[in-house]
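data28.txt follows; it contains compact mmCIF, C-alpha atoms and all ligand atoms.
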```txt
# COMPACT_ATOMS: atom_id res chain seq x y z
CA MET S 1 97.03 -22.33 20.22
CA ILE S 2 95.39 -20.39 23.05
CA VAL S 3 95.43 -16.60 23.20
CA GLN S 4 94.75 -14.83 26.46
CA MET S 5 93.96 -11.14 26.11
CA LYS S 6 94.63 -8.40 28.65
CA LYS S 7 91.75 -7.60 31.01
CA ASN S 8 91.32 -4.12 29.53
CA VAL S 9 91.47 -5.27 25.87
CA THR S 10 89.20 -3.23 23.59
CA LYS S 11 86.71 -4.70 21.13
CA GLU S 12 88.71 -3.19 18.26
CA GLU S 13 91.98 -4.77 19.42
CA LEU S 14 90.31 -8.16 19.70
CA GLU S 15 88.68 -7.84 16.28
CA LYS S 16 91.93 -6.76 14.65
CA LEU S 17 93.77 -9.86 15.82
CA GLN S 18 90.88 -12.22 15.08
CA SER S 19 90.39 -10.94 11.53
CA TYR S 20 94.15 -11.33 10.93
CA LEU S 21 93.85 -14.98 11.97
CA LYS S 22 90.69 -15.54 9.92
CA GLU S 23 92.44 -14.12 6.85
CA LYS S 24 94.99 -16.89 7.32
CA GLY S 25 92.15 -19.42 7.09
CA LEU S 26 92.16 -20.23 10.81
CA GLY S 27 89.12 -20.66 13.06
CA ILE S 28 88.41 -18.86 16.34
CA LYS S 29 86.77 -20.51 19.31
CA ASP S 30 85.87 -18.24 22.20
CA ALA S 31 86.60 -19.68 25.65
CA SER S 32 86.20 -16.53 27.74
CA SER S 33 84.74 -16.53 31.22
CA ALA S 34 83.69 -13.72 33.55
CA GLU S 35 87.31 -13.22 34.68
CA ILE S 36 89.26 -13.85 31.53
CA VAL S 37 89.20 -13.08 27.78
CA LEU S 38 90.49 -16.17 26.03
CA PHE S 39 90.15 -17.83 22.65
CA GLY S 40 91.53 -20.83 20.84
CA ILE S 41 92.93 -20.77 17.31
CA LEU S 42 91.75 -23.77 15.32
CA GLY S 43 93.25 -25.20 12.17
CA ASP S 44 96.80 -25.76 11.05
CA THR S 45 98.65 -23.44 13.42
CA LYS S 46 102.11 -24.90 12.77
CA SER S 47 103.23 -21.90 10.73
CA LEU S 48 101.94 -19.38 13.30
CA ASP S 49 104.59 -17.71 15.39
CA PRO S 50 103.38 -16.96 18.96
CA ASP S 51 105.78 -14.00 19.15
CA GLN S 52 104.16 -12.51 16.07
CA ILE S 53 100.75 -12.70 17.74
CA LYS S 54 102.11 -11.05 20.88
CA VAL S 55 102.88 -7.97 18.77
CA PHE S 56 99.14 -7.27 18.52
CA ALA S 57 97.83 -4.81 21.09
CA GLY S 58 95.85 -6.30 23.95
CA VAL S 59 97.52 -9.73 23.95
CA GLU S 60 98.56 -11.00 27.37
CA ASN S 61 99.79 -14.51 26.60
CA VAL S 62 100.00 -17.05 23.78
CA THR S 63 100.30 -20.79 24.48
CA ARG S 64 100.73 -23.54 21.96
CA ILE S 65 98.66 -26.65 22.74
CA SER S 66 101.01 -29.53 22.22
CA SER S 67 98.34 -32.24 21.90
CA PRO S 68 96.79 -32.91 18.48
CA TYR S 69 93.32 -32.47 20.03
CA LYS S 70 92.47 -28.93 21.00
CA LEU S 71 88.81 -28.44 21.95
CA ALA S 72 88.87 -31.65 23.98
CA SER S 73 92.04 -30.66 25.82
CA LYS S 74 92.43 -29.43 29.37
CA ALA S 75 94.61 -26.62 28.00
CA PHE S 76 91.57 -25.27 26.21
CA ARG S 77 89.19 -25.47 29.13
CA GLN S 78 90.15 -26.09 32.73
CA GLU S 79 86.71 -26.47 34.33
CA PRO S 80 85.05 -29.85 33.85
CA THR S 81 82.35 -30.00 31.20
CA VAL S 82 78.94 -30.83 32.66
CA ILE S 83 76.30 -32.24 30.32
CA THR S 84 72.70 -31.72 31.41
CA LEU S 85 70.06 -34.08 30.04
CA LYS S 86 66.41 -33.18 29.45
CA ASN S 87 65.38 -35.00 32.65
CA GLY S 88 67.82 -32.85 34.65
CA VAL S 89 70.56 -35.45 35.17
CA LYS S 90 74.00 -33.86 35.05
CA ILE S 91 76.92 -35.90 33.73
CA GLY S 92 80.32 -34.62 34.84
CA SER S 93 78.98 -33.01 38.01
CA ASP S 94 79.44 -34.30 41.56
CA GLU S 95 76.80 -36.94 40.88
CA PHE S 96 77.93 -40.48 39.95
CA VAL S 97 75.55 -41.36 37.12
CA VAL S 98 74.43 -44.95 36.62
CA MET S 99 73.09 -45.90 33.18
CA ALA S 100 71.52 -49.36 33.14
CA GLY S 101 69.41 -51.67 31.03
CA PRO S 102 69.56 -54.62 28.68
CA CYS S 103 72.23 -55.17 26.06
CA SER S 104 69.49 -55.42 23.41
CA VAL S 105 65.91 -54.22 23.45
CA GLU S 106 64.01 -57.47 22.80
CA SER S 107 60.35 -56.56 23.35
CA GLU S 108 58.26 -53.96 25.15
CA GLU S 109 57.57 -56.45 27.92
CA GLN S 110 61.26 -57.28 28.43
CA LEU S 111 62.26 -53.62 28.39
CA THR S 112 59.51 -52.60 30.80
CA ILE S 113 60.48 -55.26 33.37
CA ILE S 114 64.14 -54.22 33.26
CA ALA S 115 63.50 -50.46 33.11
CA GLU S 116 61.17 -50.58 36.12
CA ALA S 117 63.74 -52.60 38.07
CA VAL S 118 66.72 -50.34 37.34
CA LYS S 119 64.65 -47.23 37.98
CA ALA S 120 63.51 -48.63 41.35
CA ALA S 121 67.17 -49.26 42.22
CA GLY S 122 68.03 -45.62 41.45
CA SER S 123 69.09 -45.43 37.79
CA LYS S 124 67.76 -42.47 35.79
CA ILE S 125 69.17 -43.41 32.41
CA LEU S 126 68.00 -46.47 30.50
CA ARG S 127 70.46 -48.17 28.18
CA GLY S 128 69.48 -50.59 25.42
CA GLY S 129 70.62 -51.45 21.92
CA VAL S 130 68.20 -51.31 18.99
CA PHE S 131 70.87 -51.46 16.27
CA LYS S 132 73.39 -54.06 17.39
CA PRO S 133 76.96 -54.33 16.15
CA ARG S 134 77.23 -58.13 16.21
CA THR S 135 80.29 -60.10 15.20
CA SER S 136 78.10 -62.59 13.35
CA PRO S 137 75.63 -61.48 10.68
CA TYR S 138 73.40 -64.37 11.81
CA ALA S 139 73.12 -63.05 15.37
CA PHE S 140 70.21 -60.83 16.52
CA GLN S 141 70.68 -57.43 14.91
CA GLY S 142 68.21 -55.41 17.01
CA LEU S 143 64.65 -54.15 16.61
CA GLY S 144 65.68 -51.00 14.76
CA ILE S 145 63.59 -47.85 14.78
CA GLU S 146 60.59 -49.73 16.19
CA GLY S 147 62.77 -50.59 19.20
CA LEU S 148 63.89 -46.99 19.51
CA LYS S 149 60.28 -45.77 19.75
CA MET S 150 59.61 -48.52 22.27
CA MET S 151 62.51 -47.30 24.40
CA ARG S 152 61.20 -43.73 24.33
CA LYS S 153 57.73 -44.85 25.37
CA VAL S 154 58.97 -47.01 28.26
CA ALA S 155 61.48 -44.37 29.44
CA ASP S 156 58.90 -41.57 29.33
CA LYS S 157 56.55 -43.52 31.59
CA LEU S 158 59.36 -43.74 34.15
CA ASP S 159 60.81 -40.26 33.59
CA MET S 160 64.09 -41.80 32.46
CA ALA S 161 66.53 -40.61 29.82
CA ILE S 162 67.75 -43.08 27.19
CA VAL S 163 71.11 -43.94 25.70
CA THR S 164 71.28 -46.12 22.60
CA GLU S 165 73.77 -46.87 19.86
CA LEU S 166 73.67 -45.33 16.40
CA MET S 167 75.59 -47.32 13.79
CA GLY S 168 75.16 -45.25 10.63
CA THR S 169 74.11 -41.80 9.50
CA GLU S 170 70.84 -42.91 7.88
CA HIS S 171 68.93 -42.87 11.18
CA LEU S 172 70.61 -39.84 12.72
CA GLU S 173 67.59 -37.51 12.62
CA GLU S 174 65.34 -40.10 14.25
CA PHE S 175 67.95 -40.68 16.94
CA VAL S 176 68.19 -36.96 17.65
CA LYS S 177 64.42 -36.89 17.97
CA TYR S 178 63.97 -39.92 20.22
CA THR S 179 67.13 -40.29 22.32
CA ASP S 180 68.77 -38.26 25.07
CA ILE S 181 72.29 -39.60 24.50
CA ILE S 182 73.51 -41.11 21.25
CA GLN S 183 76.04 -43.86 21.77
CA ILE S 184 78.88 -44.33 19.32
CA GLY S 185 80.08 -47.87 19.86
CA ALA S 186 83.64 -49.10 20.14
CA ARG S 187 83.58 -50.42 16.57
CA ASN S 188 82.60 -47.02 15.21
CA MET S 189 84.92 -44.86 17.28
CA GLN S 190 86.92 -44.01 14.18
CA ASN S 191 84.02 -43.82 11.74
CA PHE S 192 84.94 -40.23 10.99
CA ASP S 193 81.99 -39.51 8.69
CA LEU S 194 79.62 -40.63 11.45
CA LEU S 195 81.48 -38.48 13.99
CA LYS S 196 81.32 -35.43 11.71
CA ALA S 197 77.62 -35.99 11.04
CA ILE S 198 76.76 -36.26 14.75
CA GLY S 199 78.85 -33.15 15.36
CA LYS S 200 76.30 -31.11 13.44
CA TYR S 201 73.62 -31.77 16.06
CA ASN S 202 73.49 -30.41 19.56
CA VAL S 203 72.95 -33.78 21.20
CA PRO S 204 74.88 -35.52 23.99
CA VAL S 205 77.13 -38.26 22.60
CA LEU S 206 78.53 -41.23 24.50
CA LEU S 207 81.79 -42.00 22.73
CA LYS S 208 83.10 -45.44 23.55
CA ARG S 209 86.80 -46.15 23.33
CA GLY S 210 87.66 -48.34 20.35
CA LEU S 211 88.65 -51.95 20.87
CA SER S 212 92.33 -51.29 20.19
CA ASN S 213 92.61 -47.54 20.36
CA THR S 214 94.96 -45.38 22.35
CA ILE S 215 93.72 -42.63 24.64
CA GLU S 216 95.02 -40.06 22.17
CA GLU S 217 93.09 -41.63 19.28
CA TRP S 218 89.97 -41.69 21.46
CA LEU S 219 90.35 -37.97 22.28
CA MET S 220 90.95 -37.25 18.58
CA SER S 221 87.58 -38.84 17.85
CA ALA S 222 86.00 -36.59 20.49
CA GLU S 223 87.74 -33.71 18.72
CA TYR S 224 86.05 -34.69 15.42
CA ILE S 225 82.62 -34.32 17.02
CA MET S 226 83.56 -31.09 18.79
CA ALA S 227 85.23 -29.51 15.77
CA SER S 228 81.99 -30.07 13.85
CA GLY S 229 80.15 -28.02 16.47
CA ASN S 230 78.89 -30.45 19.11
CA GLU S 231 80.77 -30.16 22.39
CA GLN S 232 78.52 -32.49 24.39
CA VAL S 233 80.81 -35.51 24.43
CA ILE S 234 80.92 -38.09 27.21
CA LEU S 235 83.83 -40.54 26.99
CA CYS S 236 83.33 -44.20 27.89
CA GLU S 237 86.11 -46.64 28.75
CA ARG S 238 84.80 -50.13 27.89
CA GLY S 239 87.91 -52.29 28.00
CA ILE S 240 90.54 -52.80 25.36
CA ARG S 241 91.99 -55.78 23.53
CA THR S 242 95.08 -57.22 25.16
CA PHE S 243 96.74 -60.63 25.12
CA GLU S 244 94.57 -61.62 28.11
CA LYS S 245 91.66 -63.89 27.28
CA TYR S 246 90.24 -64.59 30.73
CA THR S 247 88.08 -61.49 30.55
CA ARG S 248 86.29 -60.34 27.37
CA ASN S 249 88.49 -57.22 27.30
CA THR S 250 90.91 -55.62 29.73
CA LEU S 251 89.38 -52.74 31.67
CA ASP S 252 91.85 -49.86 31.47
CA ILE S 253 90.84 -48.22 34.73
CA SER S 254 93.82 -45.87 34.58
CA ALA S 255 92.39 -44.41 31.37
CA VAL S 256 89.90 -42.56 33.59
CA LEU S 257 92.78 -40.85 35.36
CA ALA S 258 94.54 -40.14 32.07
CA VAL S 259 91.43 -38.53 30.59
CA ARG S 260 90.99 -36.45 33.77
CA GLU S 261 94.53 -35.16 33.28
CA LEU S 262 94.21 -34.51 29.55
CA SER S 263 90.62 -33.41 29.05
CA HIS S 264 87.71 -31.51 30.58
CA LEU S 265 85.18 -34.01 29.16
CA PRO S 266 83.22 -36.34 31.44
CA VAL S 267 84.31 -39.97 31.46
CA ILE S 268 82.33 -43.04 32.44
CA VAL S 269 83.13 -46.78 32.57
CA ASP S 270 81.35 -49.78 31.02
CA PRO S 271 82.39 -52.71 33.22
CA SER S 272 79.99 -55.09 31.39
CA HIS S 273 81.71 -55.10 28.00
CA ALA S 274 85.11 -54.86 29.68
CA ALA S 275 84.79 -57.96 31.86
CA GLY S 276 82.20 -59.98 29.97
CA LYS S 277 81.36 -61.74 33.26
CA TRP S 278 78.52 -60.66 35.56
CA GLU S 279 80.47 -61.79 38.64
CA MET S 280 82.99 -58.99 38.12
CA ILE S 281 80.59 -56.11 37.47
CA GLU S 282 79.98 -55.02 41.06
CA SER S 283 83.66 -54.79 41.96
CA LEU S 284 84.61 -53.04 38.73
CA SER S 285 81.76 -50.55 39.25
CA LEU S 286 83.01 -49.79 42.76
CA ALA S 287 86.51 -49.38 41.33
CA SER S 288 85.15 -46.96 38.72
CA LEU S 289 83.55 -44.84 41.42
CA ALA S 290 86.72 -44.97 43.52
CA VAL S 291 88.94 -43.91 40.64
CA GLY S 292 86.81 -40.84 40.02
CA ALA S 293 84.73 -41.75 36.96
CA ASP S 294 81.60 -39.68 36.35
CA GLY S 295 79.46 -42.78 36.11
CA ILE S 296 79.00 -46.26 34.70
CA ILE S 297 76.90 -47.97 32.06
CA VAL S 298 75.83 -51.46 33.07
CA GLU S 299 73.92 -54.31 31.43
CA VAL S 300 70.97 -55.71 33.37
CA HIS S 301 68.59 -58.53 32.36
CA HIS S 302 65.81 -60.21 34.35
CA ASP S 303 66.40 -63.49 32.50
CA PRO S 304 70.05 -63.50 31.41
CA GLU S 305 69.94 -67.18 30.38
CA ARG S 306 67.48 -66.25 27.64
CA ALA S 307 68.91 -62.82 26.74
CA PHE S 308 69.27 -62.26 22.98
CA SER S 309 72.78 -60.88 23.59
CA ASP S 310 75.38 -60.58 26.36
CA GLY S 311 73.53 -62.68 28.97
CA PRO S 312 76.81 -63.82 30.63
CA GLN S 313 77.73 -60.24 31.54
CA SER S 314 74.26 -59.07 32.60
CA LEU S 315 73.35 -58.49 36.22
CA LYS S 316 69.94 -59.62 37.46
CA PRO S 317 67.81 -56.79 38.91
CA LYS S 318 68.46 -57.96 42.50
CA GLN S 319 72.21 -57.98 41.91
CA PHE S 320 72.00 -54.54 40.35
CA SER S 321 70.07 -53.18 43.30
CA ALA S 322 72.59 -54.68 45.76
CA MET S 323 75.38 -53.08 43.74
CA MET S 324 73.65 -49.70 43.92
CA ASP S 325 73.51 -50.01 47.72
CA LYS S 326 77.25 -50.64 47.83
CA LEU S 327 77.99 -47.77 45.44
CA GLU S 328 75.92 -45.48 47.62
CA LYS S 329 77.83 -46.56 50.73
CA LEU S 330 81.19 -46.08 49.06
CA SER S 331 80.15 -42.71 47.66
CA THR S 332 79.70 -41.33 51.19
CA VAL S 333 83.49 -41.18 51.57
CA LEU S 334 84.13 -39.84 48.06
CA GLU S 335 83.51 -36.62 46.15
CA LYS S 336 81.05 -38.18 43.70
CA LYS S 337 77.69 -39.07 45.17
CA ILE S 338 74.98 -41.48 44.10
CA VAL S 339 71.66 -39.65 43.90
CA ARG S 340 68.78 -42.19 43.94
C1 LIG M 1 76.96 -51.84 23.75
O1 LIG M 1 77.12 -51.03 24.65
O2 LIG M 1 75.87 -52.35 23.48
C2 LIG M 1 78.12 -52.24 22.92
C3 LIG M 1 77.97 -52.95 21.82
O3 LIG M 1 79.30 -51.82 23.42
P1 LIG M 1 80.74 -51.66 22.72
O4 LIG M 1 80.55 -50.77 21.53
O5 LIG M 1 81.56 -51.05 23.81
O6 LIG M 1 81.20 -53.03 22.35
MN MN M 2 76.17 -55.74 25.14
```
When written as C-alpha cells, how does the structure in this file appear?
Ligand code: PEP
Ligand code: MN
Amino acid sequence: MIVQMKKNVTKEELEKLQSYLKEKGLGIKDASSAEIVLFGILGDTKSLDPDQIKVFAGVENVTRISSPYKLASKAFRQEPTVITLKNGVKIGSDEFVVMAGPCSVESEEQLTIIAEAVKAAGSKILRGGVFKPRTSPYAFQGLGIEGLKMMRKVADKLDMAIVTELMGTEHLEEFVKYTDIIQIGARNMQNFDLLKAIGKYNVPVLLKRGLSNTIEEWLMSAEYIMASGNEQVILCERGIRTFEKYTRNTLDISAVLAVRELSHLPVIVDPSHAAGKWEMIESLSLASLAVGADGIIVEVHHDPERAFSDGPQSLKPKQFSAMMDKLEKLSTVLEKKIVR
C-alpha cells in the first residue's frame, strides 16, 4: 500500500500515522522525493482499510498495490533505478551496458587474453564463473575463491568491474569484498535463504530469471533481496524452458517489455545461455538493444573449441568486436547508447 501525504503535512502528522502502522506490526519504506511525500507500507496489509488511513490528518491519497511484490513494483517507484558501479558504469541509465567474458575462469592466462579483448572492444564489465552450476558433478566446477581473486587482479589492471556467480552463502563475504556485481544464477533464483542473505549487503546483484519461472516469480525473488535491505537488483532474462529444443532455451524477449511495465529495476539480457549457439548471439544482442534492455551479458572465448564450458555459445573476440560495432551503429537511432 502506498500513502501519499499532503504537501503541507507536518512532522507530527506523519509520525502519528507511521507509529499507528508500526504498532500493527507493519514496516514503513520512505519513497519521498523533492516534490512529494510518499511512503510504502510493508507487510501483510490485507486487513488495512485505505479509508481508515485517510482519516489521519495530512493524508492525500492511499493506493493499494495489487502485485504481490511491492518494493520492486512500478507503483512504488516510477523513476527507473540506476545502479552505479565502483568504476562509474551506470546500469539502468541511457547507456547500454555490455558485460562480457568467458563462461568459466580457467586460468589467469585465459582470462587475461579474453578480458583484454573484450575491454578493447568496449566492454567495461568482465563476466566469468568461478563457482559453476554444472548439470554433471563430473564436469568442471570452477576455480573457486582462487579464481575470484584472479578475476579481481585481471579486472583491476584493465579498470573493469566484475560480475560472477555466487552459489551458496558460505562465500558471501569474500564475494562482497572482491566483486562489483554478484550474480545469482537461474538455478538459484528461488534459493530464498541465499536471496535473504545477499539482501543484507549493499552490493549490486544480477538476478537471473529461473529456468521455468514466471515474470511474477522472478520479481518476487527481487523482492526478497529488496525486502532484506538491498535495493540494487539488476534483472537478467536468460531464456526459459519451453517445448522447443532447437535452441538451448527460448529467449523471452518480451519479458524485457513486461519488466519495464511492472518494475523500476534495470533489466538486461543473456543471449548466450538463451540460444546456446554462437551464431545467434549477435542478432539476439541487437534485438535486446532494440527492445529497450539496459544491457547484455555475453560469453566470449578466444579458443571456444577448448573452452572448459559453453564453447558452442561463445563468441570469438573478433566476432564480439564486430558485434559491438553493430550495436553502436544501431544505438545511434535509439535512446540507449553504447559508450566505448
Ligand atoms: C552463467 O551465466 O554462467 C550461468 C550459469 O547462467 P544461468 O544461471 O543463466 O544458467
Ligand atoms: Mn555459461
Kindly extract all protein, DNA and RNA residues lying within 7 Å of the coordinates (66.0, -58.9, 37.0) given in the file, considering only C-alpha atoms, and supply them as a CSV table (one decimal) with C-alpha atoms, in the coordinates of the input.
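Output (part_6.csv):
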```
chain,number,residue,atom,x,y,z
S,114,ILE,CA,64.1,-54.2,33.3
S,117,ALA,CA,63.7,-52.6,38.1
S,300,VAL,CA,71.0,-55.7,33.4
S,301,HIS,CA,68.6,-58.5,32.4
S,302,HIS,CA,65.8,-60.2,34.4
S,303,ASP,CA,66.4,-63.5,32.5
S,316,LYS,CA,69.9,-59.6,37.5
S,317,PRO,CA,67.8,-56.8,38.9
S,318,LYS,CA,68.5,-58.0,42.5
```
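The spacing separating atom CA of Ile338 of chain S from atom CA of Ser73 of chain S amounts to 27.2 Å.
Pairwise distance (atom CA of Gly88 of chain S, atom CA of Glu174 of chain S) equals 21.8 Å.
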Tell me, in Å to one decimal, how far atom CA of Gly311 of chain S is from atom CA of Val89 of chain S. 28.1 Å
Counting only C-alpha atoms and all ligand atoms, what are the residues of chain S within 9 Å of ligand LIG 1 (chain M), and for each of them which pair of atoms is the nearest and at what distance in Å, to one decimal? Sort the table by chain and rising number, as a tab-separated table.
```
residue	atom	partner	partner_atom	distance
S:Pro102	CA	M:LIG1	O2	8.5
S:Cys103	CA	M:LIG1	O2	5.3
S:Ser104	CA	M:LIG1	O2	7.1
S:Arg127	CA	M:LIG1	O1	8.1
S:Gly128	CA	M:LIG1	O2	6.9
S:Gly129	CA	M:LIG1	O2	5.6
S:Val130	CA	M:LIG1	O2	8.9
S:Phe131	CA	M:LIG1	O2	8.8
S:Lys132	CA	M:LIG1	C3	6.5
S:Pro133	CA	M:LIG1	C3	5.9
S:Arg134	CA	M:LIG1	C3	7.7
S:Thr164	CA	M:LIG1	O2	7.8
S:Glu165	CA	M:LIG1	O2	6.9
S:Gln183	CA	M:LIG1	O1	7.8
S:Ile184	CA	M:LIG1	O4	7.0
S:Gly185	CA	M:LIG1	O4	3.4
S:Ala186	CA	M:LIG1	O4	3.8
S:Arg187	CA	M:LIG1	O4	5.8
S:Asn188	CA	M:LIG1	O4	7.6
S:Met189	CA	M:LIG1	O4	8.5
S:Leu207	CA	M:LIG1	O4	8.9
S:Lys208	CA	M:LIG1	O5	5.8
S:Arg209	CA	M:LIG1	O5	7.2
S:Gly210	CA	M:LIG1	O5	7.5
S:Leu211	CA	M:LIG1	O6	7.7
S:Cys236	CA	M:LIG1	O5	8.2
S:Glu237	CA	M:LIG1	O5	8.0
S:Arg238	CA	M:LIG1	O5	5.3
S:Gly239	CA	M:LIG1	O5	7.7
S:Asp270	CA	M:LIG1	O5	7.3
S:Ser272	CA	M:LIG1	O1	8.4
S:His273	CA	M:LIG1	O5	5.8
S:Ala274	CA	M:LIG1	O5	7.8
S:Ile297	CA	M:LIG1	O1	8.0
S:Val298	CA	M:LIG1	O1	8.5
S:Glu299	CA	M:LIG1	O1	8.2
S:Asp310	CA	M:LIG1	O2	8.7
```
Show me the residues close to (100.4, -12.1, 24.7) - anything with an atom within 10 Å, counting all atoms listed in the file - and format the list as a PyMOL selection string. chain S and resi 2-6+50-63
Keeping only C-alpha atoms, write those residues as a PDB file, in the frame of the given file.
```
ATOM      1  CA  ILE S   2      95.390 -20.390  23.050  1.00  0.00           C
ATOM      2  CA  VAL S   3      95.430 -16.600  23.200  1.00  0.00           C
ATOM      3  CA  GLN S   4      94.750 -14.830  26.460  1.00  0.00           C
ATOM      4  CA  MET S   5      93.960 -11.140  26.110  1.00  0.00           C
ATOM      5  CA  LYS S   6      94.630  -8.400  28.650  1.00  0.00           C
ATOM      6  CA  PRO S  50     103.380 -16.960  18.960  1.00  0.00           C
ATOM      7  CA  ASP S  51     105.780 -14.000  19.150  1.00  0.00           C
ATOM      8  CA  GLN S  52     104.160 -12.510  16.070  1.00  0.00           C
ATOM      9  CA  ILE S  53     100.750 -12.700  17.740  1.00  0.00           C
ATOM     10  CA  LYS S  54     102.110 -11.050  20.880  1.00  0.00           C
ATOM     11  CA  VAL S  55     102.880  -7.970  18.770  1.00  0.00           C
ATOM     12  CA  PHE S  56      99.140  -7.270  18.520  1.00  0.00           C
ATOM     13  CA  ALA S  57      97.830  -4.810  21.090  1.00  0.00           C
ATOM     14  CA  GLY S  58      95.850  -6.300  23.950  1.00  0.00           C
ATOM     15  CA  VAL S  59      97.520  -9.730  23.950  1.00  0.00           C
ATOM     16  CA  GLU S  60      98.560 -11.000  27.370  1.00  0.00           C
ATOM     17  CA  ASN S  61      99.790 -14.510  26.600  1.00  0.00           C
ATOM     18  CA  VAL S  62     100.000 -17.050  23.780  1.00  0.00           C
ATOM     19  CA  THR S  63     100.300 -20.790  24.480  1.00  0.00           C
TER      20      THR S  63
END
```
Starting from the block above, write segment 267-278 of chain S out to a file with N, CA and C atoms, as a compact mmCIF listing (two decimals), in the first residue's frame, please.
```txt
# COMPACT_ATOMS: atom_id res chain seq x y z
N VAL S 267 16.94 -4.05 -16.42
CA VAL S 267 16.83 -5.42 -16.94
C VAL S 267 17.79 -5.60 -18.11
N ILE S 268 18.57 -6.67 -18.05
CA ILE S 268 19.49 -6.98 -19.14
C ILE S 268 19.16 -8.37 -19.71
N VAL S 269 19.81 -8.70 -20.83
CA VAL S 269 19.54 -9.98 -21.50
C VAL S 269 20.84 -10.79 -21.62
N ASP S 270 20.74 -12.09 -21.42
CA ASP S 270 21.86 -13.01 -21.65
C ASP S 270 21.51 -13.86 -22.87
N PRO S 271 21.95 -13.43 -24.06
CA PRO S 271 21.61 -14.19 -25.27
C PRO S 271 22.38 -15.51 -25.33
N SER S 272 23.52 -15.60 -24.64
CA SER S 272 24.38 -16.80 -24.74
C SER S 272 23.68 -18.02 -24.17
N HIS S 273 23.20 -17.92 -22.91
CA HIS S 273 22.55 -19.07 -22.31
C HIS S 273 21.14 -19.28 -22.88
N ALA S 274 20.58 -18.24 -23.47
CA ALA S 274 19.26 -18.39 -24.09
C ALA S 274 19.38 -19.24 -25.36
N ALA S 275 20.27 -18.84 -26.27
CA ALA S 275 20.36 -19.52 -27.56
C ALA S 275 21.20 -20.79 -27.49
N GLY S 276 22.33 -20.70 -26.80
CA GLY S 276 23.24 -21.85 -26.75
C GLY S 276 24.04 -22.02 -28.03
N LYS S 277 23.91 -21.07 -28.96
CA LYS S 277 24.60 -21.16 -30.26
C LYS S 277 25.25 -19.81 -30.56
N TRP S 278 26.56 -19.80 -30.81
CA TRP S 278 27.24 -18.52 -31.02
C TRP S 278 26.70 -17.78 -32.24
```
